[in-house]
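Undergrad: Data: run_19.cif, mmCIF, C-alpha atoms.
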```
data_coords
loop_
_atom_site.group_PDB
_atom_site.id
_atom_site.type_symbol
_atom_site.label_atom_id
_atom_site.label_comp_id
_atom_site.auth_asym_id
_atom_site.auth_seq_id
_atom_site.Cartn_x
_atom_site.Cartn_y
_atom_site.Cartn_z
ATOM 1 C CA MET M 1 -41.247 25.905 -15.698
ATOM 2 C CA ILE M 2 -37.969 23.958 -15.601
ATOM 3 C CA ARG M 3 -37.930 20.541 -13.968
ATOM 4 C CA THR M 4 -34.821 18.627 -12.931
ATOM 5 C CA ARG M 5 -34.601 14.867 -12.679
ATOM 6 C CA THR M 6 -32.853 13.488 -9.625
ATOM 7 C CA GLY M 7 -33.748 9.848 -10.232
ATOM 8 C CA PRO M 8 -32.174 7.414 -12.705
ATOM 9 C CA ALA M 9 -31.166 10.132 -15.151
ATOM 10 C CA ALA M 10 -29.138 11.943 -12.473
ATOM 11 C CA ARG M 11 -27.212 8.748 -11.807
ATOM 12 C CA LYS M 12 -26.544 8.019 -15.462
ATOM 13 C CA PRO M 13 -23.150 9.812 -15.691
ATOM 14 C CA GLU M 14 -21.867 7.883 -12.666
ATOM 15 C CA ALA M 15 -23.072 4.560 -14.079
ATOM 16 C CA SER M 16 -21.485 5.295 -17.436
ATOM 17 C CA ALA M 17 -18.136 5.898 -15.679
ATOM 18 C CA ARG M 18 -18.165 2.341 -14.354
ATOM 19 C CA PRO M 19 -15.573 0.247 -16.280
ATOM 20 C CA PRO M 20 -16.574 -3.125 -17.821
ATOM 21 C CA LEU M 21 -16.947 -5.720 -15.088
ATOM 22 C CA VAL M 22 -15.338 -8.633 -16.955
ATOM 23 C CA ARG M 23 -12.294 -6.527 -17.819
ATOM 24 C CA GLU M 24 -11.878 -5.457 -14.205
ATOM 25 C CA LEU M 25 -12.222 -9.011 -12.902
ATOM 26 C CA LEU M 26 -9.576 -10.241 -15.333
ATOM 27 C CA LEU M 27 -7.290 -7.333 -14.507
ATOM 28 C CA VAL M 28 -7.508 -7.777 -10.741
ATOM 29 C CA ALA M 29 -7.108 -11.561 -11.032
ATOM 30 C CA GLY M 30 -4.098 -11.116 -13.320
ATOM 31 C CA LEU M 31 -2.428 -8.679 -10.937
ATOM 32 C CA PHE M 32 -3.022 -11.039 -8.036
ATOM 33 C CA LEU M 33 -1.558 -13.974 -9.987
ATOM 34 C CA VAL M 34 1.558 -12.003 -10.929
ATOM 35 C CA TYR M 35 1.972 -10.979 -7.310
ATOM 36 C CA LYS M 36 1.649 -14.544 -6.013
ATOM 37 C CA LEU M 37 4.142 -15.869 -8.570
ATOM 38 C CA GLY M 38 6.544 -13.050 -7.809
ATOM 39 C CA ARG M 39 6.423 -13.716 -4.081
ATOM 40 C CA GLN M 40 7.396 -17.318 -4.666
ATOM 41 C CA ALA M 41 10.661 -16.175 -6.267
ATOM 42 C CA ALA M 42 12.035 -15.335 -2.812
ATOM 43 C CA THR M 43 10.868 -18.494 -1.064
ATOM 44 C CA ARG M 44 14.164 -20.400 -1.233
ATOM 45 C CA ARG M 45 16.419 -17.555 -0.074
ATOM 46 C CA THR M 46 16.463 -18.810 3.510
ATOM 47 C CA GLY M 47 19.899 -17.633 4.596
ATOM 48 C CA GLU M 48 19.383 -14.124 3.254
ATOM 49 C CA ALA M 49 15.926 -13.902 4.842
ATOM 50 C CA PHE M 50 17.259 -14.697 8.312
ATOM 51 C CA ARG M 51 20.228 -12.334 7.968
ATOM 52 C CA ASN M 52 17.809 -9.564 7.068
ATOM 53 C CA ALA M 53 15.642 -10.528 10.050
ATOM 54 C CA ASP M 54 18.621 -10.079 12.396
ATOM 55 C CA ARG M 55 19.279 -6.650 10.857
ATOM 56 C CA VAL M 56 15.663 -5.522 11.193
ATOM 57 C CA TRP M 57 15.574 -6.699 14.802
ATOM 58 C CA ASP M 58 18.733 -4.707 15.567
ATOM 59 C CA TRP M 59 17.394 -1.629 13.722
ATOM 60 C CA GLU M 60 14.226 -1.679 15.803
ATOM 61 C CA ARG M 61 16.235 -1.823 19.028
ATOM 62 C CA ALA M 62 18.459 1.031 17.807
ATOM 63 C CA LEU M 63 15.363 3.119 17.006
ATOM 64 C CA HIS M 64 13.881 2.268 20.432
ATOM 65 C CA LEU M 65 10.687 0.944 18.899
ATOM 66 C CA PRO M 66 8.406 -0.937 21.308
ATOM 67 C CA GLY M 67 8.996 -4.657 21.462
ATOM 68 C CA GLU M 68 6.626 -6.895 19.535
ATOM 69 C CA GLY M 69 6.423 -9.048 22.662
ATOM 70 C CA SER M 70 4.477 -6.350 24.512
ATOM 71 C CA VAL M 71 1.554 -6.832 22.124
ATOM 72 C CA GLN M 72 1.845 -10.598 21.991
ATOM 73 C CA GLY M 73 1.872 -10.816 25.776
ATOM 74 C CA VAL M 74 -1.648 -9.353 25.874
ATOM 75 C CA LEU M 75 -2.905 -11.949 23.393
ATOM 76 C CA LEU M 76 -1.274 -14.871 25.187
ATOM 77 C CA ASP M 77 -3.153 -14.031 28.378
ATOM 78 C CA SER M 78 -6.289 -15.415 26.728
ATOM 79 C CA GLY M 79 -6.535 -18.491 24.533
ATOM 80 C CA THR M 80 -9.738 -17.148 23.011
ATOM 81 C CA LEU M 81 -8.165 -13.799 22.205
ATOM 82 C CA VAL M 82 -5.137 -15.288 20.488
ATOM 83 C CA HIS M 83 -7.367 -17.641 18.493
ATOM 84 C CA LEU M 84 -9.480 -14.682 17.350
ATOM 85 C CA ALA M 85 -6.328 -12.798 16.343
ATOM 86 C CA ASN M 86 -5.117 -15.760 14.269
ATOM 87 C CA THR M 87 -8.537 -16.045 12.634
ATOM 88 C CA TYR M 88 -8.570 -12.336 11.818
ATOM 89 C CA TYR M 89 -5.117 -12.586 10.252
ATOM 90 C CA ALA M 90 -6.076 -15.601 8.171
ATOM 91 C CA THR M 91 -9.560 -14.616 6.978
ATOM 92 C CA VAL M 92 -10.071 -10.824 6.913
ATOM 93 C CA HIS M 93 -7.157 -9.467 4.843
ATOM 94 C CA PHE M 94 -8.082 -10.500 1.305
ATOM 95 C CA PRO M 95 -11.930 -10.700 1.580
ATOM 96 C CA ALA M 96 -12.141 -7.216 3.121
ATOM 97 C CA THR M 97 -10.143 -5.750 0.237
ATOM 98 C CA VAL M 98 -12.292 -7.523 -2.357
ATOM 99 C CA LEU M 99 -15.512 -6.310 -0.719
ATOM 100 C CA PHE M 100 -14.074 -2.797 -0.570
ATOM 101 C CA LEU M 101 -13.304 -2.787 -4.302
ATOM 102 C CA GLY M 102 -16.673 -4.359 -5.123
ATOM 103 C CA TRP M 103 -18.602 -1.732 -3.184
ATOM 104 C CA LEU M 104 -16.657 1.106 -4.784
ATOM 105 C CA TYR M 105 -17.168 -0.401 -8.244
ATOM 106 C CA TRP M 106 -20.922 -0.464 -7.808
ATOM 107 C CA ARG M 107 -21.508 2.711 -5.789
ATOM 108 C CA ARG M 108 -18.507 4.969 -6.498
ATOM 109 C CA PRO M 109 -16.967 4.119 -9.908
ATOM 110 C CA GLY M 110 -14.651 7.120 -9.898
ATOM 111 C CA HIS M 111 -13.244 6.209 -6.497
ATOM 112 C CA TYR M 112 -13.012 2.574 -7.571
ATOM 113 C CA LEU M 113 -10.628 3.435 -10.422
ATOM 114 C CA TRP M 114 -8.539 5.521 -8.046
ATOM 115 C CA ALA M 115 -8.429 2.810 -5.358
ATOM 116 C CA ARG M 116 -7.580 0.094 -7.869
ATOM 117 C CA ARG M 117 -4.671 2.140 -9.210
ATOM 118 C CA VAL M 118 -3.390 2.892 -5.716
ATOM 119 C CA LEU M 119 -3.584 -0.758 -4.655
ATOM 120 C CA SER M 120 -1.848 -1.861 -7.852
ATOM 121 C CA VAL M 121 1.064 0.528 -7.331
ATOM 122 C CA LEU M 122 1.294 -0.292 -3.625
ATOM 123 C CA THR M 123 1.290 -4.029 -4.286
ATOM 124 C CA GLY M 124 3.861 -3.700 -7.078
ATOM 125 C CA ALA M 125 6.181 -1.716 -4.811
ATOM 126 C CA ALA M 126 5.725 -4.314 -2.065
ATOM 127 C CA LEU M 127 6.582 -7.104 -4.501
ATOM 128 C CA ALA M 128 9.785 -5.309 -5.484
ATOM 129 C CA LEU M 129 10.770 -5.058 -1.811
ATOM 130 C CA HIS M 130 9.933 -8.719 -1.240
ATOM 131 C CA LEU M 131 12.354 -9.637 -4.022
ATOM 132 C CA LEU M 132 15.054 -7.175 -2.972
ATOM 133 C CA MET M 133 14.820 -7.940 0.730
ATOM 134 C CA PRO M 134 13.457 -11.366 1.674
ATOM 135 C CA LEU M 135 12.693 -11.222 5.369
ATOM 136 C CA ALA M 136 11.846 -13.938 7.869
ATOM 137 C CA PRO M 137 9.011 -12.894 10.209
ATOM 138 C CA PRO M 138 9.677 -12.491 13.944
ATOM 139 C CA ARG M 139 7.860 -15.746 14.740
ATOM 140 C CA LEU M 140 10.698 -17.593 12.965
ATOM 141 C CA LEU M 141 13.496 -15.555 14.540
ATOM 142 C CA ALA M 142 14.921 -17.196 17.665
ATOM 143 C CA ALA M 143 16.335 -13.914 18.971
ATOM 144 C CA SER M 144 12.839 -12.436 19.205
ATOM 145 C CA GLY M 145 11.626 -14.966 21.758
ATOM 146 C CA LEU M 146 8.149 -14.757 20.238
ATOM 147 C CA VAL M 147 5.593 -17.540 19.857
ATOM 148 C CA ASP M 148 4.300 -18.672 16.463
ATOM 149 C CA THR M 149 0.691 -18.293 17.570
ATOM 150 C CA GLY M 150 -0.687 -19.712 14.327
ATOM 151 C CA GLN M 151 1.133 -23.018 14.764
ATOM 152 C CA VAL M 152 0.536 -23.255 18.522
ATOM 153 C CA TYR M 153 -3.058 -22.059 18.821
ATOM 154 C CA GLY M 154 -4.357 -22.068 15.235
ATOM 155 C CA PRO M 155 -5.634 -21.407 12.716
ATOM 156 C CA THR M 156 -2.689 -20.730 10.432
ATOM 157 C CA VAL M 157 -2.228 -20.132 6.707
ATOM 158 C CA TYR M 158 1.412 -21.249 6.702
ATOM 159 C CA GLY M 159 3.110 -24.621 6.651
ATOM 160 C CA GLU M 160 5.328 -25.755 9.495
ATOM 161 C CA SER M 161 8.504 -25.196 7.453
ATOM 162 C CA PRO M 162 9.067 -22.196 5.151
ATOM 163 C CA GLY M 163 11.124 -24.329 2.772
ATOM 164 C CA THR M 164 8.286 -26.768 2.156
ATOM 165 C CA ASP M 165 5.408 -24.274 2.122
ATOM 166 C CA ALA M 166 4.025 -24.386 -1.425
ATOM 167 C CA LEU M 167 1.059 -22.067 -0.767
ATOM 168 C CA ALA M 168 2.709 -18.980 0.700
ATOM 169 C CA ASN M 169 6.041 -17.205 0.867
ATOM 170 C CA GLN M 170 6.910 -16.881 4.532
ATOM 171 C CA PHE M 171 9.889 -14.650 3.738
ATOM 172 C CA ALA M 172 7.757 -11.758 2.400
ATOM 173 C CA ALA M 173 7.378 -9.858 5.660
ATOM 174 C CA MET M 174 8.726 -6.525 4.379
ATOM 175 C CA PRO M 175 6.501 -4.550 3.956
ATOM 176 C CA SER M 176 3.267 -5.682 5.587
ATOM 177 C CA LEU M 177 0.564 -5.703 2.926
ATOM 178 C CA HIS M 178 -1.908 -6.655 5.638
ATOM 179 C CA VAL M 179 -1.377 -3.184 7.090
ATOM 180 C CA GLY M 180 -1.034 -1.452 3.712
ATOM 181 C CA TRP M 181 -4.244 -2.887 2.259
ATOM 182 C CA ALA M 182 -6.198 -2.358 5.492
ATOM 183 C CA LEU M 183 -5.128 1.274 5.639
ATOM 184 C CA MET M 184 -6.115 1.773 1.988
ATOM 185 C CA VAL M 185 -9.559 0.299 2.696
ATOM 186 C CA ALA M 186 -10.035 2.859 5.468
ATOM 187 C CA VAL M 187 -8.653 5.769 3.435
ATOM 188 C CA GLY M 188 -10.753 4.807 0.422
ATOM 189 C CA LEU M 189 -14.005 4.582 2.372
ATOM 190 C CA ILE M 190 -13.333 7.843 4.167
ATOM 191 C CA ALA M 191 -12.685 9.563 0.828
ATOM 192 C CA ALA M 192 -15.727 8.052 -0.900
ATOM 193 C CA THR M 193 -18.364 8.603 1.796
ATOM 194 C CA ARG M 194 -19.768 11.615 3.633
ATOM 195 C CA SER M 195 -21.017 10.054 6.877
ATOM 196 C CA ARG M 196 -19.854 11.617 10.124
ATOM 197 C CA TRP M 197 -18.980 8.062 11.276
ATOM 198 C CA ARG M 198 -16.679 7.307 8.347
ATOM 199 C CA TRP M 199 -13.537 7.935 10.424
ATOM 200 C CA LEU M 200 -14.312 4.789 12.387
ATOM 201 C CA TRP M 201 -12.983 2.846 9.386
ATOM 202 C CA LEU M 202 -9.509 3.627 10.785
ATOM 203 C CA LEU M 203 -10.199 0.965 13.400
ATOM 204 C CA HIS M 204 -9.667 -1.664 10.687
ATOM 205 C CA PRO M 205 -5.966 -0.846 10.008
ATOM 206 C CA LEU M 206 -5.372 -0.266 13.721
ATOM 207 C CA LEU M 207 -6.772 -3.687 14.602
ATOM 208 C CA THR M 208 -4.846 -5.233 11.706
ATOM 209 C CA LEU M 209 -1.620 -3.680 12.990
ATOM 210 C CA LEU M 210 -2.144 -5.116 16.474
ATOM 211 C CA VAL M 211 -2.985 -8.520 14.996
ATOM 212 C CA VAL M 212 0.044 -8.820 12.704
ATOM 213 C CA ILE M 213 2.367 -7.716 15.522
ATOM 214 C CA GLY M 214 0.724 -9.810 18.216
ATOM 215 C CA THR M 215 0.777 -12.988 16.109
ATOM 216 C CA ALA M 216 4.488 -12.326 15.325
ATOM 217 C CA ASN M 217 3.916 -12.302 11.583
ATOM 218 C CA HIS M 218 5.407 -8.820 11.132
ATOM 219 C CA TYR M 219 7.775 -6.331 12.701
ATOM 220 C CA TRP M 220 6.906 -2.726 13.515
ATOM 221 C CA LEU M 221 9.181 -1.650 10.662
ATOM 222 C CA ASP M 222 7.140 -3.739 8.198
ATOM 223 C CA ALA M 223 4.063 -1.701 9.073
ATOM 224 C CA LEU M 224 5.905 1.636 8.990
ATOM 225 C CA VAL M 225 7.286 0.926 5.519
ATOM 226 C CA ALA M 226 3.811 -0.064 4.271
ATOM 227 C CA VAL M 227 2.351 3.193 5.606
ATOM 228 C CA ALA M 228 5.159 5.178 3.951
ATOM 229 C CA LEU M 229 4.593 3.454 0.595
ATOM 230 C CA LEU M 230 0.842 4.095 0.729
ATOM 231 C CA THR M 231 1.360 7.726 1.723
ATOM 232 C CA GLY M 232 3.646 8.279 -1.254
ATOM 233 C CA THR M 233 1.232 6.533 -3.609
ATOM 234 C CA VAL M 234 -1.881 8.506 -2.622
ATOM 235 C CA THR M 235 0.152 11.710 -2.823
ATOM 236 C CA VAL M 236 0.894 11.012 -6.479
ATOM 237 C CA ILE M 237 -2.442 9.371 -7.391
ATOM 238 C CA ARG M 238 -4.998 11.833 -6.075
ATOM 239 C CA ALA M 239 -8.506 10.832 -5.074
ATOM 240 C CA PRO M 240 -11.449 12.256 -7.056
ATOM 241 C CA ARG M 241 -13.527 14.947 -5.466
ATOM 242 C CA PRO M 242 -16.405 13.659 -3.329
ATOM 243 C CA ARG M 243 -19.840 13.639 -4.907
ATOM 244 C CA SER M 244 -22.009 16.566 -3.816
ATOM 245 C CA PRO M 245 -25.081 15.401 -1.849
ATOM 246 C CA ARG M 246 -27.173 18.266 -3.348
ATOM 247 C CA ARG M 247 -26.251 17.838 -6.968
ATOM 248 C CA GLY M 248 -29.870 18.085 -8.169
ATOM 249 C CA SER M 249 -30.478 21.466 -6.518
ATOM 250 C CA LEU M 250 -27.204 22.829 -7.863
ATOM 251 C CA VAL M 251 -28.155 21.799 -11.399
ATOM 252 C CA ALA M 252 -31.538 23.504 -11.021
ATOM 253 C CA ARG M 253 -29.966 26.754 -9.835
ATOM 254 C CA SER M 254 -27.403 26.665 -12.625
ATOM 255 C CA ALA M 255 -30.107 26.185 -15.286
ATOM 256 C CA ALA M 256 -32.229 28.953 -13.795
ATOM 257 C CA ALA M 257 -29.288 31.333 -13.858
ATOM 258 C CA GLN M 258 -28.925 30.847 -17.616
ATOM 259 C CA LEU M 259 -32.507 31.925 -18.422
ATOM 260 C CA PRO M 260 -32.972 35.427 -19.871
ATOM 261 C CA PRO M 261 -34.560 37.917 -17.469
ATOM 262 C CA VAL M 262 -38.295 38.432 -17.846
ATOM 263 C CA SER M 263 -39.323 42.085 -18.421
ATOM 264 C CA PRO M 264 -42.239 43.328 -16.310
ATOM 265 C CA ALA M 265 -45.499 43.811 -18.166
ATOM 266 C CA ALA M 266 -46.102 47.386 -19.397
ATOM 267 C CA PRO M 267 -49.098 49.165 -17.794
ATOM 268 C CA ALA M 268 -52.189 49.519 -19.949
ATOM 269 C CA ALA M 269 -52.551 52.872 -21.745
ATOM 270 C CA PRO M 270 -55.390 55.081 -20.444
ATOM 271 C CA VAL M 271 -58.495 55.434 -22.619
ATOM 272 C CA VAL M 272 -59.035 58.996 -23.785
ATOM 273 C CA THR M 273 -62.588 60.096 -24.701
ATOM 274 C CA SER M 274 -63.649 63.333 -26.343
ATOM 275 C CA GLY M 275 -66.156 65.693 -24.846
ATOM 276 C CA ALA M 276 -68.382 65.713 -27.968
ATOM 277 C CA GLY M 277 -70.453 62.899 -26.813
ATOM 278 C CA ARG M 278 -71.524 64.578 -23.679
#
```
Could you render the structure from this file as C-alpha cells?
TA:
Amino acid sequence: MIRTRTGPAARKPEASARPPLVRELLLVAGLFLVYKLGRQAATRRTGEAFRNADRVWDWERALHLPGEGSVQGVLLDSGTLVHLANTYYATVHFPATVLFLGWLYWRRPGHYLWARRVLSVLTGAALALHLLMPLAPPRLLAASGLVDTGQVYGPTVYGESPGTDALANQFAAMPSLHVGWALMVAVGLIAATRSRWRWLWLLHPLLTLLVVIGTANHYWLDALVAVALLTGTVTVIRAPRPRSPRRGSLVARSAAAQLPPVSPAAPAAPVVTSGAGR
C-alpha cells in the first residue's frame, strides 16, 4: 500500500523556495533607501514643479476628467471623515505594503518573489518619472482651488513649505505610488489566494484612490499613470501559478498510475484421480 504525506513533508518544497530572510530585509531596505534619496533630488526644482502642475491641470480639463474638488467636497462635509482620510493617507500606505510582503514571504514564497520584483520595477519607474517630471500636488496649486486637508485638519506627513521639508519630497506627485502600491497589494493577494472573497481586496486601492484625490495630494492623471505602469509590469513579470488545494490527492493518483498492473491469480488446476483405486 502506498501512503502519501500531506503534513510537513508536503510543505517542504515551498519552504525551501523561501529566500533568506536577512538578505531580503537588506534588499528591501536598500531599495527603499535608494528611492528616498532619489526623490530628494527633485525637491528644489520648485519652478519646474509648478509649471508641470499647470500643464497637468490643463490636460485633465482637456480630457474632461472629473474635478478633484468633487471628491474633496464630500470629505469636507464632515470633519471626522476628512480626518480619517488624512490618517489613512499618512499611516496605511507603507505598513500595508510591508505586511503584504511579509505574509507572502511566509505563506507564499513563490508569489513573494514575484511581488517583490514587480514592486521594485514599479518603484524604479516611478522614481525615474519623479526625476524627469517634478510635479506639485493639487493642494499646492492655486488654480485648483483645493484645500490642503492635511495642514488644515491634520494629521499630515508634510512640512508647511515644500522648500524646507527635509523628510519628504512634495514634488513627487507623478505617478501616485500610493495608488500603485495599493493596487499591487490587491492584485498580489488575489493571485496568491483561492478564497471566493479575495476580490474584496480591490477595495483597498479604490479607497486609496479616493483618499489621495480627496486630500488633494494627487491628480487623477497621477493615479492613471500608476495603473498603467503596474499593468505593464505585471504583463512582463508574470505571476506564478496558484498552488493546487488538492496537491496531496494528485500526488497519490500520479504514484498509483506508475505502478505495474497486477495480473489476476490463475485458477487452481483440477485434481485428476485414476479409477484403479475404486
Undergrad: For the file shown, report as number ranges by chain the outcome of the PyMOL selection byres ((chain M and resi 83) around 10) at residue level.
TA: M: 75-76, 78-82, 84-89, 149-150, 152-156, 215
Undergrad: Just want the 12 Å neighbourhood of segment 172-175 of chain M, counted on all atoms listed in the file, with same-chain residues fewer than 5 positions away dropped. Output as a ChimeraX atom specification.
TA: /M:35-36,38-46,48-50,52-53,56,122-140,162,180-181,212-213,216-230
Undergrad: Write out as lines of an AutoDock Vina configuration file an axis-aligned box for segment 132-146 of chain M: all of its atoms listed in the file, 4 Å added on each side, centre and edge lengths in Å with one decimal.
TA:
```
center_x = 12.1
center_y = -12.4
center_z = 9.4
size_x = 16.5
size_y = 18.4
size_z = 32.7
```
Undergrad: Residues picked by the PyMOL selection byres ((chain M and resi 239) around 10) here, as a list in words?
TA: Gly110, His111, Tyr112, Leu113, Trp114, Ala115, Val118, Val187, Gly188, Ala191, Ala192, Val234, Thr235, Val236, Ile237, Arg238, Pro240, Arg241 and Pro242 of chain M
Undergrad: Got a sec: who's within 12 Å of Leu207 of chain M, counting only C-alpha atoms, leaving out chain neighbours fewer than 4 positions off, as a list of chain:residue names?
TA: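 Final neighbour list, sorted by chain and number: M:Val71, M:Leu84, M:Ala85, M:Tyr88, M:Tyr89, M:Val92, M:His93, M:His178, M:Val179, M:Ala182, M:Leu183, M:Ala186, M:Leu200, M:Trp201, M:Leu202, M:Leu203, M:Val211, M:Val212, M:Ile213, M:Gly214.
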Undergrad: Return the single residue from M:Gly159, M:Pro109, M:Pro95, M:Pro19 that is closest to Val185 of chain M, with distances computed using all atoms listed in the file.
TA: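 Under the stated criterion, the closest residue is M:Pro95.
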Undergrad: Could you check which of M:Arg194, M:Ala17, M:Asn169, M:Arg55 is closest to Leu141 of chain M, using only C-alpha atoms?
TA: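 Comparing M:Arg194, M:Ala17, M:Asn169, M:Arg55 against Leu141 of chain M, the winner is M:Arg55.
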Undergrad: Using only C-alpha atoms, can you tell me which of M:Ser144, M:Ser120, M:Thr208, M:Gln72 comes closest to Leu31 of chain M?
TA: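 Once distances to Leu31 of chain M are computed over only C-alpha atoms, the minimum belongs to M:Ser120.
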Undergrad: What separation in Å, quoted to one decimal, exists between atom CA of Gly73 of chain M and atom CA of Leu206 of chain M?
TA: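 Straight-line distance from atom CA of Gly73 of chain M to atom CA of Leu206 of chain M works out to 17.6 Å.
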Undergrad: In Å, how far is it from atom CA of Tyr105 of chain M to atom CA of Thr233 of chain M?
TA: 20.2 Å
Undergrad: I'd like the contact shell of Phe100 of chain M - 8 Å cut-off, only C-alpha atoms, skipping same-chain residues fewer than 3 positions apart - returned as a ChimeraX atom specification.
TA: /M:96-97,103-104,185,189
Undergrad: Any idea what the distance is between atom CA of Ala90 of chain M and atom CA of Trp199 of chain M?
TA: 24.8 Å
